file run02.pdb (PDB, C-alpha atoms)
ATOM      1  CA  PRO A   6      29.341 -18.980  27.196
ATOM      2  CA  CYS A   7      28.750 -22.753  27.226
ATOM      3  CA  LYS A   8      32.284 -24.008  27.766
ATOM      4  CA  HIS A   9      31.197 -26.014  30.798
ATOM      5  CA  GLN A  10      28.271 -27.700  29.069
ATOM      6  CA  THR A  11      28.771 -30.582  26.651
ATOM      7  CA  PRO A  12      27.423 -30.303  24.085
ATOM      8  CA  CYS A  13      26.619 -26.613  23.916
ATOM      9  CA  PRO A  14      22.845 -26.048  23.881
ATOM     10  CA  LEU A  15      21.635 -25.291  20.396
ATOM     11  CA  THR A  16      19.923 -22.181  21.690
ATOM     12  CA  THR A  17      23.397 -20.862  22.469
ATOM     13  CA  ILE A  18      24.415 -21.421  18.862
ATOM     14  CA  LEU A  19      21.206 -20.224  17.226
ATOM     15  CA  ASN A  20      18.001 -19.167  18.937
ATOM     16  CA  LEU A  21      15.336 -20.356  16.487
ATOM     17  CA  THR A  22      12.562 -18.558  18.360
ATOM     18  CA  GLN A  23      13.960 -15.164  17.391
ATOM     19  CA  ASP A  24      15.019 -13.530  14.176
ATOM     20  CA  PRO A  25      18.695 -14.395  13.665
ATOM     21  CA  ASP A  26      21.036 -11.596  14.649
ATOM     22  CA  PRO A  27      23.528 -10.987  11.828
ATOM     23  CA  ALA A  28      26.168 -10.434  14.491
ATOM     24  CA  ILE A  29      25.782 -13.955  15.895
ATOM     25  CA  MET A  30      28.819 -16.083  15.203
ATOM     26  CA  MET A  31      28.382 -19.769  14.399
ATOM     27  CA  GLY A  32      31.811 -21.167  15.060
ATOM     28  CA  ASP A  33      33.859 -19.138  12.600
ATOM     29  CA  GLU A  34      30.957 -18.074  10.383
ATOM     30  CA  SER A  35      30.364 -14.353  10.407
ATOM     31  CA  GLN A  36      26.954 -14.600   8.768
ATOM     32  CA  LEU A  37      24.058 -17.035   8.901
ATOM     33  CA  PHE A  38      23.357 -18.097   5.357
ATOM     34  CA  THR A  39      20.050 -19.837   4.813
ATOM     35  CA  THR A  40      19.145 -20.385   1.177
ATOM     36  CA  ASN A  41      17.884 -18.710  -1.969
ATOM     37  CA  ALA A  42      16.589 -19.693  -5.383
ATOM     38  CA  VAL A  43      20.103 -19.873  -6.843
ATOM     39  CA  ASP A  44      21.289 -22.197  -4.064
ATOM     40  CA  LEU A  45      18.300 -24.500  -4.538
ATOM     41  CA  GLN A  46      18.843 -24.565  -8.309
ATOM     42  CA  ASP A  47      22.561 -25.291  -7.847
ATOM     43  CA  ALA A  48      21.698 -28.202  -5.555
ATOM     44  CA  ALA A  49      19.174 -29.540  -8.064
ATOM     45  CA  ASN A  50      21.690 -29.158 -10.909
ATOM     46  CA  LEU A  51      24.333 -31.071  -8.975
ATOM     47  CA  GLN A  52      21.887 -33.871  -8.203
ATOM     48  CA  ALA A  53      20.910 -34.038 -11.885
ATOM     49  CA  ARG A  54      24.566 -34.119 -12.960
ATOM     50  CA  LEU A  55      25.268 -36.904 -10.479
ATOM     51  CA  SER A  56      22.283 -38.869 -11.759
ATOM     52  CA  GLU A  57      23.639 -38.620 -15.308
ATOM     53  CA  TYR A  58      27.148 -39.529 -14.123
ATOM     54  CA  ASN A  59      25.832 -42.543 -12.199
ATOM     55  CA  ASN A  60      23.841 -43.732 -15.221
ATOM     56  CA  ASP A  61      26.905 -43.406 -17.457
ATOM     57  CA  GLN A  62      29.048 -45.294 -14.952
ATOM     58  CA  ALA A  63      26.469 -48.071 -14.671
ATOM     59  CA  ALA A  64      26.291 -48.405 -18.453
ATOM     60  CA  ALA A  65      30.085 -48.496 -18.706
ATOM     61  CA  ALA A  66      30.267 -51.169 -16.007
ATOM     62  CA  ALA A  67      27.676 -53.293 -17.755
ATOM     63  CA  ALA A  68      29.671 -53.157 -21.005
ATOM     64  CA  ALA A  69      33.091 -53.495 -19.377
ATOM     65  CA  THR A  70      35.611 -56.186 -20.252
ATOM     66  CA  THR A  71      38.766 -57.316 -18.478
ATOM     67  CA  ALA A  72      40.123 -53.780 -18.717
ATOM     68  CA  ASP A  73      37.388 -52.378 -16.494
ATOM     69  CA  ASN A  74      38.928 -50.542 -13.516
ATOM     70  CA  ASP A  75      41.593 -53.193 -13.002
ATOM     71  CA  SER A  76      44.001 -50.632 -11.588
ATOM     72  CA  SER A  77      41.585 -48.597  -9.467
ATOM     73  CA  SER A  78      41.489 -50.596  -6.248
ATOM     74  CA  HIS A  79      44.512 -48.929  -4.687
ATOM     75  CA  HIS A  80      42.622 -45.601  -4.718
ATOM     76  CA  ASN A  81      39.747 -46.830  -2.565
ATOM     77  CA  ASP A  82      41.063 -45.263   0.639
ATOM     78  CA  ALA A  83      42.744 -42.244  -0.949
ATOM     79  CA  ILE A  84      39.852 -40.014   0.098
ATOM     80  CA  PRO A  85      39.212 -39.871   3.870
ATOM     81  CA  SER A  86      35.710 -40.706   5.050
ATOM     82  CA  VAL A  87      35.559 -37.721   7.413
ATOM     83  CA  SER A  88      36.753 -34.139   7.095
ATOM     84  CA  ILE A  89      35.410 -31.695   9.692
ATOM     85  CA  GLU A  90      36.563 -28.111  10.019
ATOM     86  CA  GLU A  91      36.996 -26.679  13.516
ATOM     87  CA  GLY A  92      34.051 -24.447  14.375
ATOM     88  CA  ALA A  93      30.441 -24.733  13.199
ATOM     89  CA  TYR A  94      29.943 -25.204   9.481
ATOM     90  CA  LYS A  95      27.591 -26.785   6.995
ATOM     91  CA  TYR A  96      28.171 -30.457   6.239
ATOM     92  CA  VAL A  97      26.960 -33.006   3.710
ATOM     93  CA  LEU A  98      26.553 -36.765   3.920
ATOM     94  CA  ILE A  99      27.576 -38.524   0.704
ATOM     95  CA  THR A 100      27.604 -42.213  -0.175
ATOM     96  CA  ALA A 101      29.391 -43.872  -3.082
ATOM     97  CA  ASN A 102      30.572 -47.239  -4.366
ATOM     98  CA  THR A 103      34.319 -47.695  -4.443
ATOM     99  CA  PRO A 104      36.030 -48.364  -7.776
ATOM    100  CA  SER A 105      35.959 -51.998  -8.832
ATOM    101  CA  SER A 106      38.608 -54.059  -7.086
ATOM    102  CA  SER A 107      39.040 -56.474  -9.994
ATOM    103  CA  SER A 108      38.527 -56.768 -13.725
ATOM    104  CA  SER A 109      35.037 -58.127 -13.206
ATOM    105  CA  SER A 110      32.208 -55.626 -13.407
ATOM    106  CA  THR A 111      29.880 -57.304 -10.913
ATOM    107  CA  ASN A 112      28.560 -55.273  -8.017
ATOM    108  CA  ASN A 113      30.248 -57.653  -5.568
ATOM    109  CA  ASN A 114      33.549 -55.951  -6.299
ATOM    110  CA  HIS A 115      32.377 -52.627  -4.876
ATOM    111  CA  THR A 116      32.235 -51.414  -1.285
ATOM    112  CA  ARG A 117      29.770 -48.742  -0.241
ATOM    113  CA  ARG A 118      31.441 -45.865   1.576
ATOM    114  CA  THR A 119      29.926 -42.956   3.472
ATOM    115  CA  PHE A 120      31.549 -39.526   3.687
ATOM    116  CA  VAL A 121      30.977 -36.771   6.255
ATOM    117  CA  TYR A 122      32.411 -33.446   5.105
ATOM    118  CA  SER A 123      32.168 -29.893   6.373
ATOM    119  CA  LYS A 124      33.903 -26.909   4.837
ATOM    120  CA  ARG A 125      34.991 -23.626   6.326
ATOM    121  CA  ASN A 126      33.082 -20.593   5.061
ATOM    122  CA  ALA A 127      30.818 -22.587   2.733
ATOM    123  CA  LYS A 128      27.780 -20.389   2.171
ATOM    124  CA  TYR A 129      25.560 -23.277   1.087
ATOM    125  CA  HIS A 130      25.578 -27.042   1.365
ATOM    126  CA  VAL A 131      26.105 -27.348  -2.381
ATOM    127  CA  ASP A 132      29.477 -25.623  -1.907
ATOM    128  CA  VAL A 133      30.556 -28.426   0.430
ATOM    129  CA  ALA A 134      29.318 -31.102  -1.966
ATOM    130  CA  GLU A 135      31.095 -29.483  -4.913
ATOM    131  CA  HIS A 136      34.333 -29.809  -2.948
ATOM    132  CA  LEU A 137      34.063 -33.594  -2.496
ATOM    133  CA  VAL A 138      32.080 -34.894  -5.485
ATOM    134  CA  PRO A 139      34.723 -34.101  -8.142
ATOM    135  CA  GLN A 140      37.338 -35.949  -6.062
ATOM    136  CA  LEU A 141      35.121 -39.038  -5.971
ATOM    137  CA  GLU A 142      34.498 -38.819  -9.708
ATOM    138  CA  ARG A 143      38.220 -38.539 -10.482
ATOM    139  CA  GLU A 144      38.961 -41.607  -8.351
ATOM    140  CA  GLY A 145      36.345 -43.635 -10.228
ATOM    141  CA  TYR A 146      33.697 -43.902  -7.508
ATOM    142  CA  ARG A 147      30.242 -44.925  -8.722
ATOM    143  CA  ASP A 148      26.635 -44.351  -7.678
ATOM    144  CA  ILE A 149      27.556 -41.131  -5.854
ATOM    145  CA  ARG A 150      24.615 -39.827  -3.848
ATOM    146  CA  ILE A 151      24.239 -36.727  -1.681
ATOM    147  CA  THR A 152      21.847 -38.019   0.970
ATOM    148  CA  GLY A 153      21.439 -34.843   3.029
ATOM    149  CA  GLY A 154      23.129 -32.147   5.031
ATOM    150  CA  GLY A 155      23.171 -30.175   8.235
ATOM    151  CA  ARG A 156      25.796 -28.543  10.415
ATOM    152  CA  ILE A 157      28.658 -29.833  12.506
ATOM    153  CA  LEU A 158      30.110 -28.019  15.493
ATOM    154  CA  ARG A 159      33.643 -29.175  16.286
ATOM    155  CA  ASP A 160      35.136 -27.858  19.520
ATOM    156  CA  ASP A 161      38.753 -28.932  19.914
ATOM    157  CA  GLU A 162      39.101 -27.343  23.353
ATOM    158  CA  GLU A 163      36.220 -29.372  24.771
ATOM    159  CA  ARG A 164      36.930 -32.271  22.378
ATOM    160  CA  THR A 165      33.300 -32.455  21.303
ATOM    161  CA  ILE A 166      31.563 -32.768  17.936
ATOM    162  CA  HIS A 167      27.862 -31.982  17.638
ATOM    163  CA  ILE A 168      25.915 -32.846  14.478
ATOM    164  CA  PHE A 169      22.587 -31.094  13.885
ATOM    165  CA  GLY A 170      20.305 -29.201  11.527
ATOM    166  CA  TYR A 171      19.373 -29.790   7.893
ATOM    167  CA  SER A 172      19.945 -28.645   4.335
ATOM    168  CA  TYR A 173      17.329 -26.838   2.260
ATOM    169  CA  GLY A 174      18.900 -28.100  -0.955
ATOM    170  CA  PHE A 175      19.574 -31.749  -0.019
ATOM    171  CA  GLY A 176      17.273 -32.397   2.931
ATOM    172  CA  ARG A 177      18.187 -33.558   6.416
ATOM    173  CA  ALA A 178      21.113 -35.945   6.638
ATOM    174  CA  ASP A 179      20.968 -39.110   8.708
ATOM    175  CA  HIS A 180      22.792 -37.645  11.693
ATOM    176  CA  VAL A 181      22.896 -41.033  13.442
ATOM    177  CA  LEU A 182      24.829 -42.474  10.506
ATOM    178  CA  ALA A 183      27.049 -39.390  10.367
ATOM    179  CA  LYS A 184      27.808 -39.825  14.073
ATOM    180  CA  GLU A 185      28.812 -43.453  13.511
ATOM    181  CA  ILE A 186      31.128 -42.532  10.640
ATOM    182  CA  VAL A 187      32.773 -39.762  12.680
ATOM    183  CA  GLU A 188      33.260 -42.079  15.659
ATOM    184  CA  GLU A 189      34.978 -44.621  13.383
ATOM    185  CA  SER A 190      37.479 -42.025  12.157
ATOM    186  CA  VAL A 191      40.933 -42.242  13.725
ATOM    187  CA  ASN A 192      41.217 -38.457  13.423
ATOM    188  CA  TYR A 193      38.537 -37.859  16.054
ATOM    189  CA  ARG A 194      39.274 -40.495  18.638
ATOM    190  CA  GLY A 195      38.683 -39.137  22.127
ATOM    191  CA  TYR A 196      35.971 -36.726  20.969
ATOM    192  CA  LYS A 197      32.475 -36.961  22.389
ATOM    193  CA  VAL A 198      30.149 -37.057  19.373
ATOM    194  CA  THR A 199      26.470 -36.134  19.740
ATOM    195  CA  TRP A 200      23.645 -35.366  17.343
ATOM    196  CA  SER A 201      20.253 -33.648  17.243
ATOM    197  CA  ASN A 202      17.622 -32.872  14.623
ATOM    198  CA  ASP A 203      17.166 -29.412  16.138
ATOM    199  CA  GLY A 204      18.341 -26.206  14.574
ATOM    200  CA  TYR A 205      19.395 -25.250  11.059
TER     201      TYR A 205
END

call {"tool": "encode", "arguments": {"input": "run02.pdb", "output": "structure tokens"}}
result
Amino acid sequence: PCKHQTPCPLTTILNLTQDPDPAIMMGDESQLFTTNAVDLQDAANLQARLSEYNNDQAAAAAAATTADNDSSSHHNDAIPSVSIEEGAYKYVLITANTPSSSSSSTNNNHTRRTFVYSKRNAKYHVDVAEHLVPQLEREGYRDIRITGGGRILRDDEERTIHIFGYSYGFGRADHVLAKEIVEESVNYRGYKVTWSNDGY
């Protein structure tokens, strides 16, 4: 209904002044999941696990010798910064330090990266985060932080990407930063990227 408007008005996606109609489709989502106690606890558990992981990584770096991550640098770009499913889905904004690029354990050998990820049919934002975080851990990323979430609407026909909303479990992401990261991605060149704090 909004094919000739860019971006689609949020009221077309979700009218927040009315009770959500279960039949409303958000992109390819057949239901509008909000949150529940289990989702909030899962988000808190993941944040706590990441805090413990980050502390362990920091301690290991402080005690490292010449063997510390000497072979990890070639993995730094193995994980793309942006992965957005077509349609409207929940997304998370995650930051992390790359693996050390030399045998030295000083912070100067790390680069801070930001990741924008959405996932088809993810009921909750924690489901999206649980998809990316283990990949970062396996590659040796450090100081992994989930800084917030929201939704991303990707319309390939109109070549638009709209970033909006928030996450109950992780808070509202910095949509301005997310927009910048998406615009830097070679995969979405030619797309018009917009953002708004409206909606859920």

call {"tool": "closest_residue", "arguments": {"input": "run02.pdb", "among": "A:Ala101, A:Ala178, A:Ile166, A:Ala48", "to": "Asp148 in chain A", "atoms": "all atoms listed in the file"}}
result
A:Ala101

call {"tool": "closest_residue", "arguments": {"input": "run02.pdb", "among": "A:Arg143, A:His180, A:Arg150, A:His115", "to": "Ala53 in chain A", "atoms": "only C-alpha atoms"}}
result
A:Arg150

call {"tool": "closest_residue", "arguments": {"input": "run02.pdb", "among": "A:Asn126, A:Gln52, A:Asn202, A:Thr40", "to": "Gly170 in chain A", "atoms": "only C-alpha atoms"}}
result
A:Asn202

call {"tool": "residues_around", "arguments": {"input": "run02.pdb", "residues": "Ala49 in chain A", "least_positions_apart": "3", "cutoff": "12 Å", "atoms": "only C-alpha atoms", "output": "number ranges by chain"}}
result
A: 42-46, 52-56, 130-131, 134, 151, 173-176

call {"tool": "closest_residue", "arguments": {"input": "run02.pdb", "among": "A:Ser190, A:Asp161, A:Asn102, A:Gly145", "to": "Ser88 in chain A", "atoms": "all atoms listed in the file"}}
result
A:Ser190

call {"tool": "resolve_selection", "arguments": {"input": "run02.pdb", "expression": "the PyMOL selection byres ((chain A and resi 90) around 12)", "output": "PyMOL selection string"}}
result
chain A and resi 32-34+87-89+91-96+121-127+133+156-161+166+192-193

call {"tool": "write_last_selection", "arguments": {"input": "run02.pdb", "atoms": "C-alpha atoms", "output": "mmCIF file, in the frame of the given file"}}
result
data_model
loop_
_atom_site.group_PDB
_atom_site.id
_atom_site.type_symbol
_atom_site.label_atom_id
_atom_site.label_comp_id
_atom_site.auth_asym_id
_atom_site.auth_seq_id
_atom_site.Cartn_x
_atom_site.Cartn_y
_atom_site.Cartn_z
ATOM 1 C CA GLY A 32 31.811 -21.167 15.060
ATOM 2 C CA ASP A 33 33.859 -19.138 12.600
ATOM 3 C CA GLU A 34 30.957 -18.074 10.383
ATOM 4 C CA VAL A 87 35.559 -37.721 7.413
ATOM 5 C CA SER A 88 36.753 -34.139 7.095
ATOM 6 C CA ILE A 89 35.410 -31.695 9.692
ATOM 7 C CA GLU A 91 36.996 -26.679 13.516
ATOM 8 C CA GLY A 92 34.051 -24.447 14.375
ATOM 9 C CA ALA A 93 30.441 -24.733 13.199
ATOM 10 C CA TYR A 94 29.943 -25.204 9.481
ATOM 11 C CA LYS A 95 27.591 -26.785 6.995
ATOM 12 C CA TYR A 96 28.171 -30.457 6.239
ATOM 13 C CA VAL A 121 30.977 -36.771 6.255
ATOM 14 C CA TYR A 122 32.411 -33.446 5.105
ATOM 15 C CA SER A 123 32.168 -29.893 6.373
ATOM 16 C CA LYS A 124 33.903 -26.909 4.837
ATOM 17 C CA ARG A 125 34.991 -23.626 6.326
ATOM 18 C CA ASN A 126 33.082 -20.593 5.061
ATOM 19 C CA ALA A 127 30.818 -22.587 2.733
ATOM 20 C CA VAL A 133 30.556 -28.426 0.430
ATOM 21 C CA ARG A 156 25.796 -28.543 10.415
ATOM 22 C CA ILE A 157 28.658 -29.833 12.506
ATOM 23 C CA LEU A 158 30.110 -28.019 15.493
ATOM 24 C CA ARG A 159 33.643 -29.175 16.286
ATOM 25 C CA ASP A 160 35.136 -27.858 19.520
ATOM 26 C CA ASP A 161 38.753 -28.932 19.914
ATOM 27 C CA ILE A 166 31.563 -32.768 17.936
ATOM 28 C CA ASN A 192 41.217 -38.457 13.423
ATOM 29 C CA TYR A 193 38.537 -37.859 16.054
#

call {"tool": "closest_residue", "arguments": {"input": "run02.pdb", "among": "A:Leu137, A:Ala183, A:Ala63, A:Leu98", "to": "Ile84 in chain A", "atoms": "all atoms listed in the file"}}
result
A:Leu137

call {"tool": "closest_residue", "arguments": {"input": "run02.pdb", "among": "A:Thr152, A:Ser105, A:Asn41, A:Ser86", "to": "Val191 in chain A", "atoms": "all atoms listed in the file"}}
result
A:Ser86

call {"tool": "atom_distance", "arguments": {"input": "run02.pdb", "atom1": "CA of Tyr171 in chain A", "atom2": "CA of Ser201 in chain A"}}
result
10.2 Å

call {"tool": "atom_distance", "arguments": {"input": "run02.pdb", "atom1": "CA of Asp61 in chain A", "atom2": "CA of Glu142 in chain A"}}
result
11.8 Å

call {"tool": "atom_distance", "arguments": {"input": "run02.pdb", "atom1": "CA of Ile149 in chain A", "atom2": "CA of His136 in chain A"}}
result
13.5 Å

call {"tool": "build_atoms", "arguments": {"input": "run02.pdb", "residues": "range 164-186 of chain A", "atoms": "N, CA and C atoms", "output": "CSV table (one decimal), keeping the file's coordinate frame"}}
result
chain,number,residue,atom,x,y,z
A,164,ARG,N,36.9,-31.0,23.1
A,164,ARG,CA,36.9,-32.3,22.4
A,164,ARG,C,35.5,-32.9,22.2
A,165,THR,N,34.7,-32.0,21.6
A,165,THR,CA,33.3,-32.5,21.3
A,165,THR,C,33.0,-32.2,19.8
A,166,ILE,N,32.1,-33.0,19.3
A,166,ILE,CA,31.6,-32.8,17.9
A,166,ILE,C,30.1,-32.9,18.0
A,167,HIS,N,29.3,-31.9,17.6
A,167,HIS,CA,27.9,-32.0,17.6
A,167,HIS,C,27.3,-31.8,16.2
A,168,ILE,N,26.5,-32.8,15.8
A,168,ILE,CA,25.9,-32.8,14.5
A,168,ILE,C,24.4,-32.5,14.6
A,169,PHE,N,24.0,-31.6,13.7
A,169,PHE,CA,22.6,-31.1,13.9
A,169,PHE,C,22.1,-30.4,12.6
A,170,GLY,N,20.8,-30.0,12.6
A,170,GLY,CA,20.3,-29.2,11.5
A,170,GLY,C,20.0,-30.0,10.3
A,171,TYR,N,19.8,-29.2,9.2
A,171,TYR,CA,19.4,-29.8,7.9
A,171,TYR,C,19.8,-28.9,6.7
A,172,SER,N,19.6,-29.4,5.5
A,172,SER,CA,19.9,-28.6,4.3
A,172,SER,C,18.7,-28.4,3.5
A,173,TYR,N,18.5,-27.1,3.1
A,173,TYR,CA,17.3,-26.8,2.3
A,173,TYR,C,17.5,-27.5,0.9
A,174,GLY,N,18.7,-27.6,0.4
A,174,GLY,CA,18.9,-28.1,-1.0
A,174,GLY,C,18.9,-29.6,-1.0
A,175,PHE,N,19.4,-30.3,0.0
A,175,PHE,CA,19.6,-31.7,0.0
A,175,PHE,C,18.7,-32.5,1.0
A,176,GLY,N,18.1,-31.8,1.9
A,176,GLY,CA,17.3,-32.4,2.9
A,176,GLY,C,18.1,-32.7,4.2
A,177,ARG,N,17.5,-33.3,5.2
A,177,ARG,CA,18.2,-33.6,6.4
A,177,ARG,C,19.0,-34.8,6.3
A,178,ALA,N,20.3,-34.8,6.7
A,178,ALA,CA,21.1,-35.9,6.6
A,178,ALA,C,20.7,-36.9,7.8
A,179,ASP,N,21.1,-38.1,7.6
A,179,ASP,CA,21.0,-39.1,8.7
A,179,ASP,C,22.1,-38.9,9.7
A,180,HIS,N,21.8,-38.0,10.7
A,180,HIS,CA,22.8,-37.6,11.7
A,180,HIS,C,23.3,-38.8,12.5
A,181,VAL,N,22.5,-39.8,12.7
A,181,VAL,CA,22.9,-41.0,13.4
A,181,VAL,C,24.0,-41.7,12.7
A,182,LEU,N,23.8,-41.9,11.3
A,182,LEU,CA,24.8,-42.5,10.5
A,182,LEU,C,26.1,-41.6,10.5
A,183,ALA,N,25.9,-40.3,10.4
A,183,ALA,CA,27.0,-39.4,10.4
A,183,ALA,C,27.8,-39.5,11.7
A,184,LYS,N,27.1,-39.6,12.8
A,184,LYS,CA,27.8,-39.8,14.1
A,184,LYS,C,28.6,-41.1,14.1
A,185,GLU,N,28.1,-42.2,13.6
A,185,GLU,CA,28.8,-43.5,13.5
A,185,GLU,C,30.1,-43.3,12.7
A,186,ILE,N,30.0,-42.7,11.5
A,186,ILE,CA,31.1,-42.5,10.6
A,186,ILE,C,32.2,-41.7,11.3
